[in-house]
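J.: For reference, this is entry25.tsv, and it has TSV, C-alpha atoms.
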```tsv
chain	number	residue	atom	x	y	z
K	263	MET	CA	111.27	109.86	117.59
K	264	LEU	CA	107.77	109.41	118.97
K	265	PRO	CA	104.80	110.93	117.11
K	266	GLY	CA	104.04	114.48	118.15
K	267	LEU	CA	107.57	115.83	118.13
K	268	ARG	CA	109.35	114.70	114.97
K	269	ILE	CA	111.48	116.38	112.33
K	270	GLN	CA	112.02	114.26	109.23
K	271	PRO	CA	114.26	115.10	106.24
K	272	ALA	CA	112.86	117.24	103.45
K	273	PRO	CA	111.19	115.17	100.71
K	274	ALA	CA	112.68	114.76	97.26
K	275	LEU	CA	111.31	117.25	94.77
K	276	ALA	CA	109.05	116.02	92.00
K	277	PRO	CA	110.75	115.88	88.58
K	278	THR	CA	110.58	119.18	86.72
K	279	HIS	CA	108.89	117.66	83.67
K	280	LEU	CA	105.97	116.44	85.81
K	281	VAL	CA	105.58	119.75	87.60
K	282	GLU	CA	105.49	121.58	84.28
K	283	ALA	CA	103.05	119.08	82.76
K	284	PHE	CA	100.52	119.62	85.54
K	285	ARG	CA	100.51	123.38	85.00
K	286	ASP	CA	98.16	122.73	82.10
K	287	VAL	CA	95.84	120.39	84.04
K	288	VAL	CA	92.84	121.76	85.94
K	289	THR	CA	91.98	120.33	89.35
K	290	PRO	CA	88.49	119.11	88.32
K	291	HIS	CA	90.09	116.80	85.74
K	292	ILE	CA	92.47	115.46	88.38
K	293	SER	CA	89.64	115.01	90.87
K	294	ASP	CA	87.41	113.26	88.32
K	295	SER	CA	90.26	110.90	87.51
K	296	ILE	CA	90.74	109.77	91.12
K	297	GLY	CA	87.18	108.94	92.07
K	298	ARG	CA	85.81	112.44	92.76
K	299	HIS	CA	86.22	112.08	96.51
K	300	ILE	CA	89.92	112.91	97.00
K	301	GLY	CA	90.94	116.52	97.55
K	302	ALA	CA	90.79	119.30	100.11
K	303	ARG	CA	87.38	120.66	101.05
K	304	GLY	CA	86.54	123.90	102.79
K	305	LEU	CA	89.69	125.83	101.87
K	306	LYS	CA	89.50	129.30	100.34
K	307	ARG	CA	91.83	130.57	97.65
K	308	TYR	CA	93.45	133.86	98.66
K	309	ASN	CA	95.53	134.57	95.57
K	310	GLN	CA	93.92	136.30	92.61
K	311	THR	CA	96.47	135.08	90.07
K	312	GLY	CA	98.89	132.21	89.69
K	313	LYS	CA	98.63	128.43	89.71
K	314	LEU	CA	100.05	126.20	92.40
K	315	VAL	CA	102.13	123.19	91.37
K	316	GLY	CA	104.90	121.80	93.55
K	317	THR	CA	106.12	119.24	96.04
K	318	ALA	CA	104.66	119.05	99.54
K	319	LEU	CA	106.83	119.85	102.52
K	320	THR	CA	104.46	119.14	105.40
K	321	VAL	CA	104.13	120.61	108.88
K	322	LYS	CA	101.76	119.62	111.68
K	323	THR	CA	101.39	122.30	114.32
K	324	ARG	CA	99.69	122.63	117.65
K	325	PRO	CA	96.60	124.80	117.07
K	326	GLY	CA	97.55	128.48	117.08
K	327	ASP	CA	101.31	127.83	117.14
K	328	ASN	CA	103.91	128.23	114.39
K	329	LEU	CA	107.25	127.34	116.00
K	330	PHE	CA	107.67	124.28	113.80
K	331	ILE	CA	106.72	126.30	110.72
K	332	TYR	CA	109.75	128.44	111.49
K	333	LYS	CA	111.90	125.31	111.52
K	334	ALA	CA	110.29	123.96	108.35
K	335	MET	CA	111.13	127.17	106.47
K	336	THR	CA	114.83	126.48	106.95
K	337	MET	CA	114.34	123.18	105.10
K	338	ILE	CA	112.57	124.56	102.02
K	339	GLN	CA	114.08	123.89	98.62
K	340	PRO	CA	112.98	125.62	95.39
K	341	GLY	CA	109.76	123.95	94.27
K	342	HIS	CA	108.39	123.02	97.68
K	343	VAL	CA	104.83	123.83	98.74
K	344	LEU	CA	104.50	124.52	102.45
K	345	VAL	CA	101.56	122.34	103.52
K	346	ILE	CA	100.52	123.15	107.09
K	347	ASP	CA	98.07	121.22	109.24
K	348	ALA	CA	97.12	123.63	112.01
K	349	GLN	CA	94.38	121.16	112.97
K	350	GLY	CA	91.60	123.36	111.62
K	351	ASP	CA	92.08	126.10	114.19
K	352	THR	CA	91.10	129.57	112.96
K	353	LEU	CA	91.50	131.57	116.18
K	354	ASN	CA	95.16	132.39	115.46
K	355	ALA	CA	96.88	132.84	112.12
K	356	VAL	CA	99.89	130.57	111.71
K	357	ILE	CA	101.42	132.37	108.71
K	358	GLY	CA	101.45	135.92	107.41
K	359	GLU	CA	103.45	138.24	105.18
K	360	LEU	CA	106.83	137.79	106.86
K	361	ILE	CA	106.73	134.01	106.60
K	362	LYS	CA	105.49	134.31	103.03
K	363	LEU	CA	108.36	136.58	102.02
K	364	TYR	CA	111.08	134.48	103.64
K	365	ALA	CA	109.69	131.18	102.35
K	366	GLN	CA	109.49	132.61	98.84
K	367	LYS	CA	113.13	133.70	99.01
K	368	ARG	CA	113.99	130.06	99.70
K	369	GLY	CA	111.97	128.92	96.69
K	370	CYS	CA	108.59	128.08	98.20
K	371	VAL	CA	105.96	128.14	95.42
K	372	GLY	CA	102.84	128.31	97.58
K	373	PHE	CA	101.01	127.60	100.81
K	374	VAL	CA	98.19	125.27	101.85
K	375	VAL	CA	96.95	125.78	105.40
K	376	ASN	CA	94.45	123.76	107.39
K	377	GLY	CA	94.01	126.79	109.60
K	378	ALA	CA	94.12	130.58	109.37
K	379	ILE	CA	96.40	133.15	107.75
K	380	ARG	CA	96.77	136.93	108.13
K	381	ASP	CA	98.15	139.81	106.06
K	382	VAL	CA	95.83	138.47	103.40
K	383	ALA	CA	96.55	141.23	100.86
K	384	SER	CA	100.17	140.08	100.63
K	385	PHE	CA	99.02	136.75	99.16
K	386	ASP	CA	97.24	138.40	96.24
K	387	SER	CA	99.68	136.98	93.68
K	388	THR	CA	101.10	134.13	95.78
K	389	PRO	CA	99.28	130.77	95.63
K	390	CYS	CA	97.67	130.33	99.04
K	391	TYR	CA	94.77	128.22	100.31
K	392	ALA	CA	93.53	128.36	103.90
K	393	LEU	CA	90.40	127.94	105.98
K	394	ASP	CA	90.09	131.57	107.04
K	395	VAL	CA	91.72	134.91	107.85
K	396	ILE	CA	92.25	136.31	111.35
K	397	HIS	CA	94.29	139.25	112.62
K	398	CYS	CA	95.46	137.40	115.76
K	399	GLY	CA	98.99	136.12	115.47
K	400	PRO	CA	100.42	132.74	116.54
K	401	TYR	CA	102.26	131.52	119.60
K	402	LYS	CA	105.74	130.04	119.34
K	403	SER	CA	106.14	127.29	121.88
K	404	GLY	CA	105.47	124.07	119.94
K	405	PRO	CA	105.24	121.17	119.79
K	406	GLY	CA	104.87	120.04	116.19
K	407	GLU	CA	106.06	117.70	113.45
K	408	ILE	CA	107.74	118.20	110.09
K	409	ASN	CA	107.47	115.95	107.03
K	410	VAL	CA	104.86	113.59	108.39
K	411	PRO	CA	101.44	112.76	106.87
K	412	VAL	CA	98.98	115.61	107.48
K	413	SER	CA	95.26	116.16	107.02
K	414	ILE	CA	94.19	119.18	104.97
K	415	GLY	CA	90.47	119.73	104.59
K	416	GLY	CA	89.87	115.98	104.78
K	417	MET	CA	92.67	115.19	102.32
K	418	LEU	CA	95.71	113.19	103.40
K	419	VAL	CA	98.96	114.76	102.20
K	420	ASN	CA	102.26	112.95	102.52
K	421	PRO	CA	105.62	114.70	102.32
K	422	GLY	CA	106.77	114.58	98.71
K	423	ASP	CA	103.26	114.50	97.22
K	424	ILE	CA	102.59	116.65	94.19
K	425	VAL	CA	100.21	119.49	95.06
K	426	VAL	CA	98.09	121.20	92.40
K	427	GLY	CA	95.88	124.20	93.13
K	428	ASP	CA	93.82	126.52	90.96
K	429	GLU	CA	90.61	128.54	91.17
K	430	ASP	CA	88.60	125.36	91.81
K	431	GLY	CA	90.61	124.07	94.77
K	432	VAL	CA	93.54	121.87	95.80
K	433	VAL	CA	94.41	118.24	95.22
K	434	ALA	CA	97.50	116.22	96.17
K	435	PHE	CA	98.76	112.82	95.06
K	436	ALA	CA	101.82	110.62	95.31
K	437	GLN	CA	104.58	111.12	92.76
K	438	GLU	CA	104.36	107.44	91.84
K	439	HIS	CA	100.86	108.01	90.44
K	440	ALA	CA	101.69	111.20	88.55
K	441	GLU	CA	102.32	109.80	85.07
K	442	GLU	CA	99.19	107.65	85.07
K	443	LEU	CA	97.10	110.46	86.52
K	444	LEU	CA	98.42	112.92	83.95
K	445	ALA	CA	97.35	110.60	81.13
K	446	ALA	CA	93.92	110.07	82.70
K	447	ALA	CA	93.37	113.79	83.19
K	448	ARG	CA	94.31	114.50	79.57
K	449	THR	CA	91.90	111.81	78.39
K	450	HIS	CA	89.17	113.39	80.51
K	451	ALA	CA	89.95	116.82	79.08
K	452	ALA	CA	89.66	115.47	75.53
K	453	HIS	CA	86.31	113.90	76.43
K	454	GLU	CA	85.00	117.23	77.67
K	455	GLU	CA	86.21	118.97	74.52
K	456	ARG	CA	84.11	116.56	72.45
K	457	ILE	CA	81.07	117.36	74.61
K	458	LYS	CA	81.67	121.10	74.18
K	459	ALA	CA	81.80	120.63	70.43
K	460	GLU	CA	78.50	118.77	70.48
K	461	ILE	CA	76.84	121.45	72.63
K	462	ALA	CA	78.08	124.09	70.16
K	463	THR	CA	76.04	122.44	67.37
K	464	GLY	CA	72.86	123.64	69.07
K	465	ASN	CA	71.24	120.24	68.61
K	466	PRO	CA	68.68	119.62	71.40
K	467	GLN	CA	69.55	115.92	71.24
K	468	GLN	CA	72.90	115.47	72.95
K	469	SER	CA	74.50	112.02	73.08
K	470	TRP	CA	76.38	112.67	76.31
K	471	LEU	CA	73.19	113.83	78.05
K	472	ASP	CA	71.01	111.08	76.64
K	473	ALA	CA	73.51	108.41	77.70
K	474	VAL	CA	73.22	109.41	81.36
K	475	LEU	CA	69.45	109.71	81.29
K	476	GLU	CA	69.04	106.36	79.52
K	477	LYS	CA	71.28	104.65	82.07
K	478	HIS	CA	68.90	105.72	84.82
K	479	GLY	CA	65.67	105.15	82.91
K	480	LEU	CA	64.83	108.82	82.60
K	481	THR	CA	64.31	109.06	78.86
K	482	VAL	CA	60.88	109.92	77.49
```
Go ahead and render the structure in this file as structure tokens.
T.:
Amino acid sequence: MLPGLRIQPAPALAPTHLVEAFRDVVTPHISDSIGRHIGARGLKRYNQTGKLVGTALTVKTRPGDNLFIYKAMTMIQPGHVLVIDAQGDTLNAVIGELIKLYAQKRGCVGFVVNGAIRDVASFDSTPCYALDVIHCGPYKSGPGEINVPVSIGGMLVNPGDIVVGDEDGVVAFAQEHAEELLAAARTHAAHEERIKAEIATGNPQQSWLDAVLEKHGLTV
């Protein structure tokens, strides 16, 4: 089918052991491990509790329209994250409480929306990231695409990517990079623990701080 009106099969879910492993990894450590320039920007977190880890099922919608989100919900498998590119439009919400409830019943673990949501209170304990909130509902006339690459806050998300979200934001990456990225993030976490231990000594001279300043010729 031509771009603009495509429905592709649902992506394979990420292995359970990888999903569980990333529950203990914070997004800053993932971001730092992939160059510090990959990840969604401008999204707000609307849940007060809960961490988002799952497999991206992607939808690209016409601004202000959610017809293809309806279709995508029928394709959700337990462990999918509904990743919606509403093209940055915030004049009409493309999901709300009813979609949230039905998607959850099918096993959806969270929502990432390059657009607006409504019924915001209903997402209090459901992982949800979006650009904004608006009371105006969506239209249902299409067109749209399902399980194609989408852009979310400047981040490219492919169907089947692993999506991780916490209080600091959202990042997504291909399953093929997951094992290597997990190791890198754990190494970074260990490095930060060593820095914390040094700070706790109360010593004004800190090796991690001095190293950066010396590199740039800023030592006294």
J.: Neighbouring residues of region 306-310 of chain K were defined as those with any atom within 8 Å, considering all atoms listed in the file; residues of the same chain fewer than 5 positions away were excluded. Please report them as a list in words.
T.: Val382, Phe385, Asp386, Ser387, Thr388, Pro389, Cys390, Tyr391, Ala392, Leu393, Asp394, Glu429 and Gly431 of chain K
J.: Find the residues of region 297-394 of chain K that sit at most 10 Å from region 400-406 of chain K; for each, write down the nearest two atoms and how far apart they are in Å, to one decimal. Count all atoms listed in the file. Sort by chain, then by number going up, and give it as JSON lines.
T.:
```
{"residue": "K:Val321", "atom": "CA", "partner": "K:Gly406", "partner_atom": "CA", "distance": 7.4}
{"residue": "K:Lys322", "atom": "CA", "partner": "K:Gly406", "partner_atom": "CA", "distance": 5.5}
{"residue": "K:Thr323", "atom": "CA", "partner": "K:Gly406", "partner_atom": "CA", "distance": 4.6}
{"residue": "K:Arg324", "atom": "CA", "partner": "K:Gly406", "partner_atom": "CA", "distance": 6.0}
{"residue": "K:Pro325", "atom": "CA", "partner": "K:Pro400", "partner_atom": "CA", "distance": 8.8}
{"residue": "K:Gly326", "atom": "CA", "partner": "K:Pro400", "partner_atom": "CA", "distance": 5.2}
{"residue": "K:Asp327", "atom": "CA", "partner": "K:Tyr401", "partner_atom": "CA", "distance": 4.5}
{"residue": "K:Asn328", "atom": "CA", "partner": "K:Lys402", "partner_atom": "CA", "distance": 5.6}
{"residue": "K:Leu329", "atom": "CA", "partner": "K:Lys402", "partner_atom": "CA", "distance": 4.6}
{"residue": "K:Phe330", "atom": "CA", "partner": "K:Gly406", "partner_atom": "CA", "distance": 5.6}
{"residue": "K:Ile331", "atom": "CA", "partner": "K:Gly406", "partner_atom": "CA", "distance": 8.5}
{"residue": "K:Tyr332", "atom": "CA", "partner": "K:Lys402", "partner_atom": "CA", "distance": 9.0}
{"residue": "K:Lys333", "atom": "CA", "partner": "K:Gly406", "partner_atom": "CA", "distance": 10.0}
{"residue": "K:Asp347", "atom": "CA", "partner": "K:Gly406", "partner_atom": "CA", "distance": 9.8}
{"residue": "K:Ala348", "atom": "CA", "partner": "K:Gly406", "partner_atom": "CA", "distance": 9.5}
{"residue": "K:Leu353", "atom": "CA", "partner": "K:Pro400", "partner_atom": "CA", "distance": 9.0}
{"residue": "K:Asn354", "atom": "CA", "partner": "K:Pro400", "partner_atom": "CA", "distance": 5.4}
{"residue": "K:Ala355", "atom": "CA", "partner": "K:Pro400", "partner_atom": "CA", "distance": 5.7}
{"residue": "K:Val356", "atom": "CA", "partner": "K:Pro400", "partner_atom": "CA", "distance": 5.3}
{"residue": "K:Ile357", "atom": "CA", "partner": "K:Pro400", "partner_atom": "CA", "distance": 7.9}
{"residue": "K:Gly358", "atom": "CA", "partner": "K:Pro400", "partner_atom": "CA", "distance": 9.7}
{"residue": "K:Ala378", "atom": "CA", "partner": "K:Pro400", "partner_atom": "CA", "distance": 9.8}
{"residue": "K:Ile379", "atom": "CA", "partner": "K:Pro400", "partner_atom": "CA", "distance": 9.7}
```
J.: With all atoms listed in the file as the basis for distance, which of K:Ala459, K:Ala276, K:Val412, K:Cys370 is at the shortest distance from Leu314 (chain K)?
T.: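 Closest candidate: K:Cys370.
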J.: Between CA of Asn409 (chain K) and CA of Ala302 (chain K), what is the spacing in Å?
T.: 18.4 Å
J.: Could you check which of K:Ile296, K:Leu471, K:Ala272, K:Ala283 is closest to Ala436 (chain K), using only C-alpha atoms?
T.: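 Closest residue, counting only C-alpha atoms: K:Ile296.
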J.: Grab the CA of Gly301 (chain K) to CA of Ala434 (chain K) distance for me, in Å with one decimal place.
T.: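 Here the two named atoms are 6.7 Å from each other.
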J.: With all atoms listed in the file as the atoms that count, which of K:Val410, K:Ala451, K:Ala462, K:Leu363 lies nearest to Asp381 (chain K)?
T.: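 The answer is K:Leu363, which sits nearest to Asp381 (chain K).
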J.: Could you list, as a list of chain:residue names, every residue within 7 Å of region 413-425 of chain K, counting only C-alpha atoms and ignoring same-chain residues fewer than 2 positions away?
T.: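 Neighbouring residues, sequence-local ones excluded: K:Pro273, K:Ala274, K:Leu275, K:Ala276, K:Ile300, K:Gly301, K:Ala302, K:Arg303, K:Gly304, K:Leu305, K:Val315, K:Gly316, K:Thr317, K:Ala318, K:Leu319, K:Thr320, K:Asp347, K:Asn376, K:Asn409, K:Val410, K:Pro411, K:Gly427, K:Val433, K:Ala434, K:Phe435, K:Ala436, K:Gln437.
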J.: Looking at K:Ile361, K:His279, K:Gln349, K:His342, which one is nearest to Gly377 (chain K), with distances taken over all atoms listed in the file?
T.: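 Comparing K:Ile361, K:His279, K:Gln349, K:His342 against Gly377 (chain K), the winner is K:Gln349.
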J.: Which residue is closest to Val281 (chain K)? Choose from K:Gly341, K:Pro265, K:Gly297, K:Pro466 and count all atoms listed in the file.
T.: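 Closest to Val281 (chain K), using all atoms listed in the file: K:Gly341.
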J.: Between CA of Val474 (chain K) and CA of Asp428 (chain K), what is the spacing in Å?
T.: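 It comes out at 28.4 Å.
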J.: Show me, as a list in words, the residues that have an atom within 8 Å of Leu444 (chain K) when counting only C-alpha atoms, minus same-chain residues fewer than 5 positions from it.
T.: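 Result of the neighbour search: Ala283, Phe284, Val287 and Ile292 of chain K.
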J.: Which residue is closest to Ala447 (chain K)? Choose from K:Thr278, K:Gln366, K:Ser293, K:Gln270 and count all atoms listed in the file.
T.: K:Ser293
